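Structure, as structure tokens:
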Amino acid sequence: MMRGLLIRQWAIVGIAVALGVCLSGGETALAADNGANLNLQQLINRTPKGGTLTLKSAEYEGAITIDKPIRIQAEGTVRLRNGANQSAVQIRADGVHVQGLQIVQEGREETAAVLVTASGAVLESLDIRTRSYGIVLRDGGRNEIRHTAIRWMDSPGQPAVKLSDKRNGIDLFNSHDNRIVDNYISSMNDGIYMENSHRIQVERNRIEHSRYGLHCMYIDGTVMRDNVGSYNVTGAMIMGVKDVEVTGNKFFKQSESVNSQGLLFFDVQTSRIFNNKVEGNRVGLYIEQSHRNEFRNNEVVQNFVGVQFLESEGNRFVSNRFTRNVIEAEASESKLNAFSGNYWEAFRGIDTNGDGSSELSYAINPFFQRLTSATPAYQLFFQSPGMLFLESMYTSGKAEWSVDKAPLMNPEIRSEAGDASSGSAGTLAAGLLLLFLSVFTILYLGVKRT
């Protein structure tokens with residue numbers, strides 16, 4: 001009897017080894033040692049709830065579905081290639097973790113490399129090439145996408161696909177409280193598209209050569225921090241939101257279209273836009289029908305138009321810096337905005353009391369913007385002597401123009417009273433010391449006595 005029991009135990013062990021099943025610490029891990037003709041869906045089906053499927057270097061074909069909470073991780077190069085018109089990876093259960101896979105989504109139509117219709121998923125260190133969507137989140141929440149690369153993949157021998165015919169890198173709808181951090185997205189329609197999805201953390205992502213780097217619609221309470229966008233049509237298009245935070249982002253070289261902007265705000269309310277840098281764009285900051293927001297300490301450099309306001313009221317615009325822009329500011333039908341302590345490089349102010357701020361105010365003349373909006377052809381006369389003369393004569397509705405009442409004289413000086421006064425005091429002290437040393441040198445060292 002004992003001998004029969006031992007034989008059965010060894011048989012079980014042999015089957016487990018053949019299937020690549022390893023038991024340790026109460027958690028089951030399936031290991032695929034080589035990928036030749038293996039069915040990844042079968043390996044997933046054999047993995048118990050809460051288990052880990054570890055995949056060795058291999059290439060798998062076809063779409064997979066994950067409908068239980070498991071972890072799938074790659075050791076080596078693991079590629080999943082899907083040519084069907086369905087998503088390569090469908091996650092339908094909460095608590096799934098997928099790490100380290102290369103996913104090639106060759107199917108077109110309205111598919112995705114990864115489709116998540118659950119909550120609590122973690123997608124980590126994926127390398128996605130797609131001819132459709134990259135990652136799609138629907139009707140879930142508390143998911144995390146991190147350290148993942150998503151790139152559009154053109155078909156060999158076929159013309160390059162236009163931006164308008166591509167799909168989005170990461171696409172959210174009705175999916176709340178997610179984190180999207182440290183990802184790279186290139187050559188998609190929108191890099192990260194978020195609609196009707198609230199309280200999203202979007203941090204340290206890099207997006208390039210796409211239509212909109214970040215595209216946001218109805219995403220209240222969301223944080224967009226330390227992202228970088230370059231060579232897109234628009235760096236970030238933020239629409240129909242309130243109480244969002246846009247801080248520390250950098251958008252440069254958004255000039256692929258006549259409608260390119262670094263940061264575009266449309267119908268944005270009660271939000272904070274701090275410490276961003278927009279450089280080399282057609283329009284640095286574009287603000288339309290947006291109210292009661294605060295723009296502080298943003299750097300607007302070398303854009304064709306630095307900031308453009310249209311039908312926007314009640315915004316606070318403080319301590320921003322405008323340098324080397326062709327047109328520093330345009331504002332039309334925008335009143336009751338509070339401008340204070342911004343630096344406008346082209347403005348020549350007068351500082352009579354040494355506090356770092358000009359006693360002359362800086363008014364944003366809406367003449368050129370209104371003229372070219374009515375007749376775009378007049379843009380040909382930009383900065384011509386006649387246009388500058390007409391602009392200087394234009395005073396209609398001046399009481400409602402946007403005005404910075406205390407523009408900074410130096411970009412390094414902040415408008416806060418403490419910083420400005422301390423800077424002025426330091427400058428005064430240094431000047432007095434130099435004067436004393438000069439007088440001492442002339443009287444006691446510079447005169448030769450006989």
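Residue numbering restarts at 1 in every chain; chains get A, B, ... in the order shown in the structure tokens, and ligands count up from 1 in that same order.
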Can you pull out the residues contacting Ile219 (chain A)? Cut-off 9 Å, using only C-alpha atoms, and skip same-chain residues under 5 positions away; I want them as a VMD selection string. chain A and resid 176 194 to 200 239 to 244
Could you pull out the strand (DSSP E) residues of region 32-104 of chain A from DSSP and send them as a ChimeraX atom specification? /A:32,52-55,58-61,64-66,71-74,78-82,89-91,97-99,102-104
Those residues you just picked out, can you put them in a file as a short mmCIF file (atom, residue, chain, number, x, y, z; two decimals), in the first residue's frame with N, CA, C and O atoms?
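Output below, filename result35.cif:
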data_model
loop_
_atom_site.label_atom_id
_atom_site.label_comp_id
_atom_site.auth_asym_id
_atom_site.auth_seq_id
_atom_site.Cartn_x
_atom_site.Cartn_y
_atom_site.Cartn_z
N ALA A 32 6.30 28.99 -18.00
CA ALA A 32 6.40 28.46 -19.36
C ALA A 32 7.85 28.55 -19.80
O ALA A 32 8.39 29.64 -19.93
N THR A 52 0.31 33.32 -9.49
CA THR A 52 1.22 34.06 -10.37
C THR A 52 1.63 33.17 -11.53
O THR A 52 2.08 32.04 -11.34
N LEU A 53 1.47 33.69 -12.73
CA LEU A 53 1.93 33.01 -13.94
C LEU A 53 3.20 33.70 -14.41
O LEU A 53 3.17 34.86 -14.83
N THR A 54 4.33 32.99 -14.33
CA THR A 54 5.61 33.53 -14.76
C THR A 54 5.95 32.95 -16.12
O THR A 54 6.06 31.73 -16.27
N LEU A 55 6.16 33.81 -17.08
CA LEU A 55 6.40 33.39 -18.45
C LEU A 55 7.87 33.59 -18.82
O LEU A 55 8.40 34.70 -18.65
N ALA A 58 9.34 33.84 -24.85
CA ALA A 58 8.50 33.10 -25.77
C ALA A 58 7.68 34.07 -26.59
O ALA A 58 7.60 35.27 -26.27
N GLU A 59 7.07 33.57 -27.65
CA GLU A 59 6.12 34.35 -28.43
C GLU A 59 4.81 33.58 -28.50
O GLU A 59 4.78 32.38 -28.82
N TYR A 60 3.72 34.28 -28.21
CA TYR A 60 2.40 33.67 -28.20
C TYR A 60 1.53 34.34 -29.26
O TYR A 60 1.72 35.51 -29.59
N GLU A 61 0.54 33.60 -29.76
CA GLU A 61 -0.37 34.10 -30.77
C GLU A 61 -1.79 34.14 -30.21
O GLU A 61 -2.18 33.29 -29.40
N ILE A 64 -6.20 36.92 -25.49
CA ILE A 64 -6.42 36.24 -24.21
C ILE A 64 -7.42 37.02 -23.38
O ILE A 64 -7.59 38.24 -23.55
N THR A 65 -8.08 36.30 -22.48
CA THR A 65 -9.04 36.91 -21.55
C THR A 65 -8.64 36.51 -20.13
O THR A 65 -8.39 35.34 -19.85
N ILE A 66 -8.61 37.51 -19.24
CA ILE A 66 -8.28 37.26 -17.83
C ILE A 66 -9.53 37.58 -17.02
O ILE A 66 -9.93 38.74 -16.92
N ARG A 71 -1.71 37.26 -11.29
CA ARG A 71 -0.57 38.08 -11.71
C ARG A 71 0.12 37.35 -12.86
O ARG A 71 0.43 36.16 -12.75
N ILE A 72 0.37 38.08 -13.95
CA ILE A 72 1.13 37.54 -15.07
C ILE A 72 2.39 38.39 -15.21
O ILE A 72 2.31 39.61 -15.35
N GLN A 73 3.56 37.74 -15.15
CA GLN A 73 4.81 38.48 -15.25
C GLN A 73 5.76 37.77 -16.20
O GLN A 73 5.76 36.55 -16.32
N ALA A 74 6.56 38.58 -16.88
CA ALA A 74 7.49 38.04 -17.87
C ALA A 74 8.89 38.02 -17.29
O ALA A 74 9.33 38.95 -16.60
N VAL A 78 8.91 38.29 -23.67
CA VAL A 78 7.65 37.56 -23.88
C VAL A 78 6.76 38.43 -24.76
O VAL A 78 6.36 39.53 -24.36
N ARG A 79 6.46 37.92 -25.96
CA ARG A 79 5.68 38.70 -26.92
C ARG A 79 4.34 38.03 -27.18
O ARG A 79 4.27 36.83 -27.41
N LEU A 80 3.28 38.84 -27.13
CA LEU A 80 1.95 38.37 -27.48
C LEU A 80 1.53 39.10 -28.75
O LEU A 80 1.41 40.33 -28.76
N ARG A 81 1.29 38.35 -29.81
CA ARG A 81 0.93 38.93 -31.10
C ARG A 81 -0.53 38.55 -31.42
O ARG A 81 -0.91 37.39 -31.36
N ASN A 82 -1.31 39.57 -31.76
CA ASN A 82 -2.72 39.33 -32.02
C ASN A 82 -3.13 39.97 -33.34
O ASN A 82 -3.02 41.18 -33.52
N VAL A 89 -5.50 41.65 -25.08
CA VAL A 89 -5.67 41.28 -23.67
C VAL A 89 -6.96 41.91 -23.17
O VAL A 89 -7.12 43.13 -23.23
N GLN A 90 -7.87 41.09 -22.68
CA GLN A 90 -9.10 41.58 -22.07
C GLN A 90 -9.10 41.22 -20.59
O GLN A 90 -8.99 40.04 -20.24
N ILE A 91 -9.18 42.25 -19.75
CA ILE A 91 -9.19 42.05 -18.30
C ILE A 91 -10.59 42.32 -17.79
O ILE A 91 -11.09 43.44 -17.86
N HIS A 97 -2.87 41.81 -12.32
CA HIS A 97 -1.58 42.49 -12.46
C HIS A 97 -0.86 41.87 -13.66
O HIS A 97 -0.60 40.66 -13.67
N VAL A 98 -0.53 42.69 -14.66
CA VAL A 98 0.18 42.21 -15.84
C VAL A 98 1.47 43.02 -15.97
O VAL A 98 1.43 44.26 -16.00
N GLN A 99 2.61 42.34 -16.06
CA GLN A 99 3.90 43.02 -16.03
C GLN A 99 4.84 42.45 -17.09
O GLN A 99 4.99 41.24 -17.22
N GLN A 102 5.44 42.19 -24.06
CA GLN A 102 5.39 42.92 -25.31
C GLN A 102 4.11 42.51 -26.02
O GLN A 102 3.84 41.32 -26.20
N ILE A 103 3.31 43.49 -26.41
CA ILE A 103 2.02 43.20 -27.03
C ILE A 103 1.97 43.86 -28.40
O ILE A 103 2.17 45.08 -28.52
N VAL A 104 1.72 43.07 -29.43
CA VAL A 104 1.61 43.57 -30.80
C VAL A 104 0.16 43.39 -31.23
O VAL A 104 -0.30 42.26 -31.44
#
Contacts of region 335-341 of chain A at 6 Å or less, counting only C-alpha atoms, minus same-chain residues fewer than 6 places along, as a PyMOL selection string? chain A and resi 313-319+400+404-408+415
If we count only C-alpha atoms and set the cut-off at 9 Å, which residues sit around Asp171 (chain A), ignoring sequence neighbours fewer than 4 positions away in its own chain? Please answer as a compact mmCIF listing (two decimals) with all heavy atoms, in the first residue's frame.
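To be explicit, this is the file written out as result28.txt:
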# COMPACT_ATOMS: atom_id res chain seq x y z
N TYR A 133 -6.24 51.11 -30.66
CA TYR A 133 -5.99 51.71 -29.36
C TYR A 133 -4.84 51.01 -28.65
O TYR A 133 -4.55 49.84 -28.93
CB TYR A 133 -7.24 51.62 -28.47
CG TYR A 133 -8.38 52.51 -28.91
CD1 TYR A 133 -9.33 52.05 -29.82
CD2 TYR A 133 -8.53 53.80 -28.40
CE1 TYR A 133 -10.39 52.85 -30.22
CE2 TYR A 133 -9.59 54.60 -28.80
CZ TYR A 133 -10.51 54.13 -29.71
OH TYR A 133 -11.55 54.93 -30.09
N GLY A 134 -4.23 51.72 -27.70
CA GLY A 134 -3.23 51.09 -26.84
C GLY A 134 -3.89 50.42 -25.66
O GLY A 134 -4.11 49.21 -25.65
N ILE A 135 -4.22 51.21 -24.63
CA ILE A 135 -4.89 50.69 -23.43
C ILE A 135 -6.22 51.43 -23.27
O ILE A 135 -6.26 52.67 -23.31
CB ILE A 135 -4.02 50.89 -22.18
CG1 ILE A 135 -2.72 50.10 -22.32
CG2 ILE A 135 -4.77 50.47 -20.92
CD1 ILE A 135 -1.72 50.37 -21.21
N VAL A 136 -7.29 50.69 -23.07
CA VAL A 136 -8.63 51.27 -22.89
C VAL A 136 -9.17 50.85 -21.53
O VAL A 136 -9.17 49.66 -21.19
CB VAL A 136 -9.59 50.80 -24.01
CG1 VAL A 136 -11.02 51.23 -23.71
CG2 VAL A 136 -9.14 51.37 -25.36
N LEU A 137 -9.61 51.83 -20.73
CA LEU A 137 -10.26 51.57 -19.44
C LEU A 137 -11.72 51.99 -19.55
O LEU A 137 -12.01 53.12 -19.95
CB LEU A 137 -9.58 52.36 -18.31
CG LEU A 137 -8.07 52.19 -18.10
CD1 LEU A 137 -7.63 52.98 -16.87
CD2 LEU A 137 -7.69 50.74 -17.98
N ARG A 138 -12.61 51.08 -19.17
CA ARG A 138 -14.04 51.35 -19.27
C ARG A 138 -14.76 50.91 -17.99
O ARG A 138 -14.60 49.78 -17.52
CB ARG A 138 -14.66 50.59 -20.45
CG ARG A 138 -14.23 51.09 -21.81
CD ARG A 138 -14.88 52.45 -22.12
NE ARG A 138 -14.57 52.89 -23.48
CZ ARG A 138 -13.51 53.64 -23.80
NH1 ARG A 138 -12.65 53.99 -22.86
NH2 ARG A 138 -13.31 54.01 -25.05
N ARG A 167 -5.86 55.89 -33.39
CA ARG A 167 -6.62 55.81 -32.15
C ARG A 167 -5.74 56.29 -30.99
O ARG A 167 -4.58 56.64 -31.18
CB ARG A 167 -7.10 54.37 -31.91
CG ARG A 167 -8.06 53.88 -33.00
CD ARG A 167 -9.35 54.68 -33.01
NE ARG A 167 -10.28 54.23 -34.02
CZ ARG A 167 -10.42 54.78 -35.22
NH1 ARG A 167 -9.66 55.82 -35.57
NH2 ARG A 167 -11.33 54.32 -36.07
N ASP A 190 -4.67 60.76 -29.78
CA ASP A 190 -4.43 61.44 -28.52
C ASP A 190 -3.54 60.55 -27.66
O ASP A 190 -3.78 59.34 -27.57
CB ASP A 190 -5.74 61.72 -27.78
CG ASP A 190 -6.60 62.74 -28.50
OD1 ASP A 190 -6.09 63.41 -29.41
OD2 ASP A 190 -7.80 62.85 -28.16
N GLY A 191 -2.56 61.16 -27.01
CA GLY A 191 -1.70 60.35 -26.16
C GLY A 191 -2.49 59.73 -25.01
O GLY A 191 -2.57 58.51 -24.87
N ILE A 192 -3.08 60.59 -24.17
CA ILE A 192 -3.93 60.14 -23.06
C ILE A 192 -5.26 60.88 -23.17
O ILE A 192 -5.29 62.11 -23.08
CB ILE A 192 -3.27 60.40 -21.70
CG1 ILE A 192 -1.93 59.69 -21.61
CG2 ILE A 192 -4.19 59.95 -20.56
CD1 ILE A 192 -1.15 59.99 -20.35
N TYR A 193 -6.34 60.13 -23.39
CA TYR A 193 -7.67 60.72 -23.53
C TYR A 193 -8.50 60.30 -22.32
O TYR A 193 -8.63 59.11 -22.02
CB TYR A 193 -8.34 60.23 -24.81
CG TYR A 193 -9.76 60.74 -24.99
CD1 TYR A 193 -9.99 62.01 -25.50
CD2 TYR A 193 -10.84 59.95 -24.63
CE1 TYR A 193 -11.28 62.48 -25.65
CE2 TYR A 193 -12.14 60.41 -24.78
CZ TYR A 193 -12.36 61.68 -25.30
OH TYR A 193 -13.64 62.14 -25.45
N MET A 194 -9.07 61.30 -21.64
CA MET A 194 -9.86 61.04 -20.44
C MET A 194 -11.20 61.75 -20.55
O MET A 194 -11.24 62.96 -20.73
CB MET A 194 -9.11 61.52 -19.19
CG MET A 194 -7.79 60.81 -18.94
SD MET A 194 -6.75 61.66 -17.72
CE MET A 194 -6.10 63.01 -18.74
N GLU A 195 -12.29 61.01 -20.45
CA GLU A 195 -13.62 61.58 -20.54
C GLU A 195 -14.50 61.00 -19.44
O GLU A 195 -14.52 59.79 -19.20
CB GLU A 195 -14.25 61.29 -21.90
CG GLU A 195 -15.63 61.92 -22.07
CD GLU A 195 -16.23 61.67 -23.43
OE1 GLU A 195 -15.55 61.08 -24.29
OE2 GLU A 195 -17.39 62.06 -23.64
Which residues are near Val202 (chain A)? Cut-off 10 Å, only C-alpha atoms, ignore same chain within fewer than 6 positions. Put them as a PyMOL selection string. chain A and resi 145+178-183+192+214+222-227+246
Could you save the residues just selected, with C-alpha atoms, as an mmCIF file, in the first residue's frame?
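And here's part.cif as it stands now:
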data_model
loop_
_atom_site.group_PDB
_atom_site.id
_atom_site.type_symbol
_atom_site.label_atom_id
_atom_site.label_comp_id
_atom_site.auth_asym_id
_atom_site.auth_seq_id
_atom_site.Cartn_x
_atom_site.Cartn_y
_atom_site.Cartn_z
ATOM 1 C CA ILE A 145 -0.766 52.134 -15.681
ATOM 2 C CA ASN A 178 -6.851 55.822 -11.688
ATOM 3 C CA ARG A 179 -3.099 56.493 -11.767
ATOM 4 C CA ILE A 180 -1.242 56.945 -15.074
ATOM 5 C CA VAL A 181 2.441 57.505 -14.332
ATOM 6 C CA ASP A 182 5.861 57.273 -16.026
ATOM 7 C CA ASN A 183 4.624 56.175 -19.450
ATOM 8 C CA ILE A 192 -3.929 60.135 -23.065
ATOM 9 C CA LEU A 214 -3.336 65.096 -23.002
ATOM 10 C CA THR A 222 -7.794 65.439 -11.679
ATOM 11 C CA VAL A 223 -4.063 66.144 -11.245
ATOM 12 C CA MET A 224 -1.764 66.524 -14.277
ATOM 13 C CA ARG A 225 1.758 66.923 -12.984
ATOM 14 C CA ASP A 226 5.297 66.845 -14.466
ATOM 15 C CA ASN A 227 4.267 65.560 -17.903
ATOM 16 C CA VAL A 246 -2.011 71.409 -13.899
#
Pairwise distance for CA of Gln289 (chain A) and CA of Asn259 (chain A), rounded to one decimal in Å: 17.0 Å
Spatial neighbours of Ile273 (chain A), 10 Å, only C-alpha atoms, chain gap at least 5 places, as a ChimeraX atom specification: /A:224,244-249,263,293-298,317
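The residue set within 9 Å of Phe309 (chain A), counting only C-alpha atoms and dropping same-chain residues fewer than 4 places from it, reads A:Leu285, A:Tyr286, A:Ile287, A:Glu288, A:Gln289, A:Ser290, A:Ala329, A:Glu330, A:Ala331, A:Ser332, A:Glu333, A:Ser334.
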Based on the selection just made, write all heavy atoms of those residues as a short mmCIF file (atom, residue, chain, number, x, y, z; two decimals), in the first residue's frame.
data_model
loop_
_atom_site.label_atom_id
_atom_site.label_comp_id
_atom_site.auth_asym_id
_atom_site.auth_seq_id
_atom_site.Cartn_x
_atom_site.Cartn_y
_atom_site.Cartn_z
N LEU A 285 -0.21 79.68 -24.07
CA LEU A 285 -1.40 79.44 -23.24
C LEU A 285 -2.61 79.99 -23.97
O LEU A 285 -2.67 81.18 -24.28
CB LEU A 285 -1.27 80.13 -21.88
CG LEU A 285 -0.07 79.76 -21.00
CD1 LEU A 285 -0.03 80.64 -19.77
CD2 LEU A 285 -0.12 78.28 -20.61
N TYR A 286 -3.58 79.13 -24.25
CA TYR A 286 -4.83 79.57 -24.89
C TYR A 286 -5.96 79.34 -23.90
O TYR A 286 -6.17 78.22 -23.42
CB TYR A 286 -5.09 78.78 -26.17
CG TYR A 286 -6.36 79.19 -26.88
CD1 TYR A 286 -6.36 80.27 -27.78
CD2 TYR A 286 -7.56 78.54 -26.63
CE1 TYR A 286 -7.52 80.65 -28.42
CE2 TYR A 286 -8.73 78.93 -27.26
CZ TYR A 286 -8.70 79.99 -28.16
OH TYR A 286 -9.86 80.38 -28.79
N ILE A 287 -6.71 80.41 -23.57
CA ILE A 287 -7.70 80.36 -22.50
C ILE A 287 -9.02 80.92 -23.04
O ILE A 287 -9.11 82.11 -23.34
CB ILE A 287 -7.22 81.18 -21.29
CG1 ILE A 287 -5.84 80.66 -20.83
CG2 ILE A 287 -8.22 81.13 -20.16
CD1 ILE A 287 -5.05 81.66 -20.03
N GLU A 288 -10.03 80.05 -23.16
CA GLU A 288 -11.32 80.47 -23.74
C GLU A 288 -12.46 80.02 -22.84
O GLU A 288 -12.50 78.86 -22.40
CB GLU A 288 -11.49 79.90 -25.14
CG GLU A 288 -12.79 80.34 -25.81
CD GLU A 288 -12.93 79.87 -27.25
OE1 GLU A 288 -11.96 79.28 -27.77
OE2 GLU A 288 -14.00 80.11 -27.85
N GLN A 289 -13.39 80.95 -22.57
CA GLN A 289 -14.58 80.67 -21.77
C GLN A 289 -14.22 79.94 -20.48
O GLN A 289 -14.90 78.99 -20.06
CB GLN A 289 -15.60 79.85 -22.59
CG GLN A 289 -16.12 80.60 -23.79
CD GLN A 289 -17.17 79.83 -24.57
OE1 GLN A 289 -17.89 79.00 -24.01
NE2 GLN A 289 -17.26 80.08 -25.87
N SER A 290 -13.15 80.38 -19.86
CA SER A 290 -12.67 79.76 -18.62
C SER A 290 -12.67 80.81 -17.52
O SER A 290 -12.22 81.94 -17.73
CB SER A 290 -11.27 79.19 -18.83
OG SER A 290 -11.30 78.16 -19.81
N ALA A 329 0.87 88.88 -25.59
CA ALA A 329 -0.46 88.62 -25.05
C ALA A 329 -1.53 89.18 -25.97
O ALA A 329 -1.36 90.22 -26.61
CB ALA A 329 -0.60 89.23 -23.66
N GLU A 330 -2.65 88.46 -26.02
CA GLU A 330 -3.85 88.93 -26.71
C GLU A 330 -5.04 88.62 -25.81
O GLU A 330 -5.09 87.54 -25.19
CB GLU A 330 -4.04 88.24 -28.06
CG GLU A 330 -2.97 88.59 -29.09
CD GLU A 330 -3.20 87.90 -30.43
OE1 GLU A 330 -3.99 86.93 -30.47
OE2 GLU A 330 -2.61 88.34 -31.42
N ALA A 331 -5.98 89.54 -25.74
CA ALA A 331 -7.17 89.33 -24.92
C ALA A 331 -8.35 90.01 -25.58
O ALA A 331 -8.27 91.19 -25.94
CB ALA A 331 -6.96 89.86 -23.51
N SER A 332 -9.42 89.26 -25.75
CA SER A 332 -10.61 89.79 -26.38
C SER A 332 -11.83 89.34 -25.60
O SER A 332 -11.95 88.16 -25.24
CB SER A 332 -10.70 89.31 -27.83
OG SER A 332 -11.86 89.82 -28.46
N GLU A 333 -12.73 90.29 -25.32
CA GLU A 333 -13.96 90.00 -24.59
C GLU A 333 -13.66 89.30 -23.28
O GLU A 333 -14.39 88.39 -22.86
CB GLU A 333 -14.91 89.16 -25.46
CG GLU A 333 -15.30 89.83 -26.77
CD GLU A 333 -16.20 88.96 -27.62
OE1 GLU A 333 -17.24 88.50 -27.09
OE2 GLU A 333 -15.87 88.73 -28.79
N SER A 334 -12.60 89.71 -22.65
CA SER A 334 -12.19 89.12 -21.36
C SER A 334 -11.97 90.25 -20.38
O SER A 334 -11.07 91.08 -20.56
CB SER A 334 -10.89 88.31 -21.55
OG SER A 334 -11.10 87.24 -22.45
#
Rank A:Arg92, A:His147, A:Arg206, A:Arg321 by their smallest atom-to-atom distance to Ala121 (chain A), using only C-alpha atoms, and report the top residue only. A:Arg92
Please report as CSV every residue of region 99-126 of chain A lying within 10 Å of region 149-166 of chain A, along with the nearest atom pair and their distance in Å (one decimal), using only C-alpha atoms.
residue,atom,partner,partner_atom,distance
A:Gln102,CA,A:Ala149,CA,9.6
A:Ile103,CA,A:Ile150,CA,9.5
A:Val104,CA,A:Met153,CA,8.7
A:Gln105,CA,A:Met153,CA,8.7
A:Glu106,CA,A:Met153,CA,8.3
A:Arg108,CA,A:Lys166,CA,9.8
A:Ala113,CA,A:Ile150,CA,9.5
A:Glu124,CA,A:Ala149,CA,9.7
A:Ser125,CA,A:Ala149,CA,7.5
A:Leu126,CA,A:Ala149,CA,6.3
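Between CA of Gly235 (chain A) and CA of Phe251 (chain A) the interatomic distance comes to 5.6 Å.
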When you count only C-alpha atoms, which of these residues is closest to Gly107 (chain A): A:Gly62, A:Asn281, A:Thr77, A:Pro69? A:Gly62
